[in-house]
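Chemist: Quick one: structure below, then a few questions.
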Amino acid sequence: MTTMPATHGHSEACCNIPPVVSSGYSAKGSYEELGGFKTYVTGPGDATKGIIYIYDIFGYFDQTLQGADILATSDHHNQHKVFIPDWFKGEPCPIEWYPPNTPEKQKNLGNFFAKNSPPSVASKLPDYVKALSAENPSIKSWAVLGTCWGGKVVSLVTSDDSNPFSIGAEAHPAMVDPKEAETIKVPLIMLASGEEPEDKVKEFEAALKVPKHVEIFKDQIHGWMAARADLSDKRVNDEYTRGYKTVLEFFAKNWP
């Protein structure tokens, strides 16, 4: 694969992402019980950097697991071990509820979000990181990546005084709030889709006081780097690949 050309102040990509599998992906990692949560784990055992991936509301989809494997294996200069905890305890949102175009679907979604609020997950992350650190003593620092619903979790945890992360990333984040950007404490990359409110994304970028990269993938839908990615579509596949490559490049340049 050719490297990504320099854009938006970035150097050429430092990673070599393998071809993305459009269907029937065979995950490279395994599931472990860590910190009280079933957790997908992928990457080298001796990695010194760890990434906690906060999935979207649909949980363990092939597109999400493949993204975690990309983060773990594609940057040969920086080895990452990646963890996806199952915050939903085996009960993710059924993708059939989207779009929420009936009263029943809307009610179901409302109940789901009431049970699984981003603040409740953000509050669990400091203790979860402590548990992972105890089990993985080679890991010296941590990053967090969140997609959709998980992007909101990233904003909340990295703007809180108890933040345990050295760097953060958000892909097509839900509920973008520029006020949260004002207190985010670590370098942050946000990759928005064409479906997030552009004015809010730009306000969020302007409010960030940390090293940052904010980019809008205007022809992509909310979810193109996670469960809603149609990787059989060449354009989506290309932008999915470029999204993860851009995250890895930002991490390589800005992870303290």
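So you can find residues: chains in the structure tokens are A, B, ... in the order shown, residues in each start at 1, and ligands are numbered from 1 in order.
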For stretch 197-202 of chain A, please output as a list in words all residues within 7 Å (counting only C-alpha atoms; exclusion window: fewer than 4 positions along the same chain).
Modeler: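 Close residues of stretch 197-202 of chain A: Val176, Asp177, Pro178 and Ala206 of chain A.
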Chemist: Residues within 7 Å of stretch 150-160 of chain A, please, as a count of residues only. Count only C-alpha atoms; anything in the same chain fewer than 2 positions from it doesn't count.
Modeler: 26
Chemist: Report as a short mmCIF file (atom, residue, chain, number, x, y, z; two decimals) with C-alpha atoms, in the first residue's frame: the residues of stretch 86-213 of chain A with a DSSP assignment of alpha helix (DSSP H), based on the backbone of this structure.
Modeler:
data_model
loop_
_atom_site.label_atom_id
_atom_site.label_comp_id
_atom_site.auth_asym_id
_atom_site.auth_seq_id
_atom_site.Cartn_x
_atom_site.Cartn_y
_atom_site.Cartn_z
CA PRO A 103 -42.08 4.88 18.00
CA GLU A 104 -41.05 1.42 19.24
CA LYS A 105 -37.46 1.82 18.00
CA GLN A 106 -37.28 5.29 19.53
CA LYS A 107 -38.50 3.97 22.86
CA ASN A 108 -36.01 1.10 22.77
CA LEU A 109 -33.15 3.46 22.00
CA GLY A 110 -34.17 5.83 24.77
CA ASN A 111 -34.13 2.97 27.26
CA PHE A 112 -30.76 1.78 25.96
CA PHE A 113 -29.14 5.20 26.38
CA ALA A 114 -30.65 5.62 29.82
CA LYS A 115 -29.04 2.34 30.85
CA PRO A 118 -21.49 8.02 28.39
CA PRO A 119 -20.88 9.62 31.83
CA SER A 120 -21.39 6.26 33.55
CA VAL A 121 -18.73 4.64 31.35
CA ALA A 122 -16.34 7.59 31.61
CA SER A 123 -16.46 7.29 35.40
CA LYS A 124 -15.41 3.62 35.21
CA LEU A 125 -12.35 4.19 33.03
CA PRO A 126 -9.79 5.28 35.68
CA ASP A 127 -10.30 2.07 37.68
CA TYR A 128 -10.39 -0.01 34.52
CA VAL A 129 -7.03 1.43 33.44
CA LYS A 130 -5.59 0.58 36.88
CA ALA A 131 -6.76 -3.01 36.48
CA LEU A 132 -5.26 -3.28 33.00
CA SER A 133 -1.97 -1.75 34.18
CA ALA A 134 -1.73 -4.35 36.94
CA GLU A 135 -2.21 -7.15 34.40
CA TRP A 149 -21.20 6.93 21.42
CA GLY A 150 -17.63 6.13 22.49
CA GLY A 151 -16.44 9.49 21.18
CA LYS A 152 -18.59 11.23 23.78
CA VAL A 153 -16.99 9.02 26.44
CA VAL A 154 -13.55 10.18 25.26
CA SER A 155 -14.49 13.85 25.56
CA LEU A 156 -15.82 13.30 29.06
CA VAL A 157 -12.91 11.28 30.44
CA THR A 158 -10.11 13.38 28.91
CA PRO A 178 -17.49 22.46 22.29
CA LYS A 179 -17.62 23.25 26.02
CA GLU A 180 -15.99 19.91 26.79
CA ALA A 181 -13.13 20.73 24.43
CA GLU A 198 -20.06 20.97 10.99
CA ASP A 199 -20.47 24.14 13.05
CA LYS A 200 -20.17 22.17 16.29
CA VAL A 201 -17.11 20.30 15.02
CA LYS A 202 -15.40 23.58 14.09
CA GLU A 203 -16.32 25.16 17.42
CA PHE A 204 -14.93 22.09 19.18
CA GLU A 205 -11.68 22.40 17.24
CA ALA A 206 -11.36 26.09 18.06
CA ALA A 207 -11.92 25.43 21.77
#
Chemist: Going by DSSP on the backbone, which bits of stretch 35-146 of chain A are strand (DSSP E)? Write them as a PyMOL selection string, please.
Modeler: chain A and resi 37-42+49-54+80-85+141-146
Chemist: Choose the residue, out of A:Ile95, A:Val21, A:Ile189, A:Leu34, that has the smallest atom-to-atom separation from A:Pro211; count only C-alpha atoms.
Modeler: A:Ile189
Chemist: Taking into account only C-alpha atoms, which residue in the set A:Phe83, A:Phe61, A:Phe88, A:Phe250 is nearest to A:Arg228?
Modeler: A:Phe61
Chemist: With only C-alpha atoms as the basis for distance, which of A:Ser232, A:Pro19, A:Glu33, A:Gly67 is at the shortest distance from A:Leu248?
Modeler: A:Gly67
Chemist: Calculated over only C-alpha atoms, which of the candidates A:Tyr98, A:Asp233, A:Glu196, A:Pro164 has the smallest distance to A:Glu215?
Modeler: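 Using only C-alpha atoms, the shortest distance to A:Glu215 belongs to A:Glu196.
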Chemist: What does the structure give for the distance between atom CA of A:Ala229 and atom CA of A:Ile84, in Å to one decimal?
Modeler: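 According to the coordinates, atom CA of A:Ala229 and atom CA of A:Ile84 are separated by 18.1 Å.
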Chemist: Quick one: distance from atom CA of A:Ser74 to atom CA of A:Ser23 in Å, one decimal?
Modeler: 19.7 Å
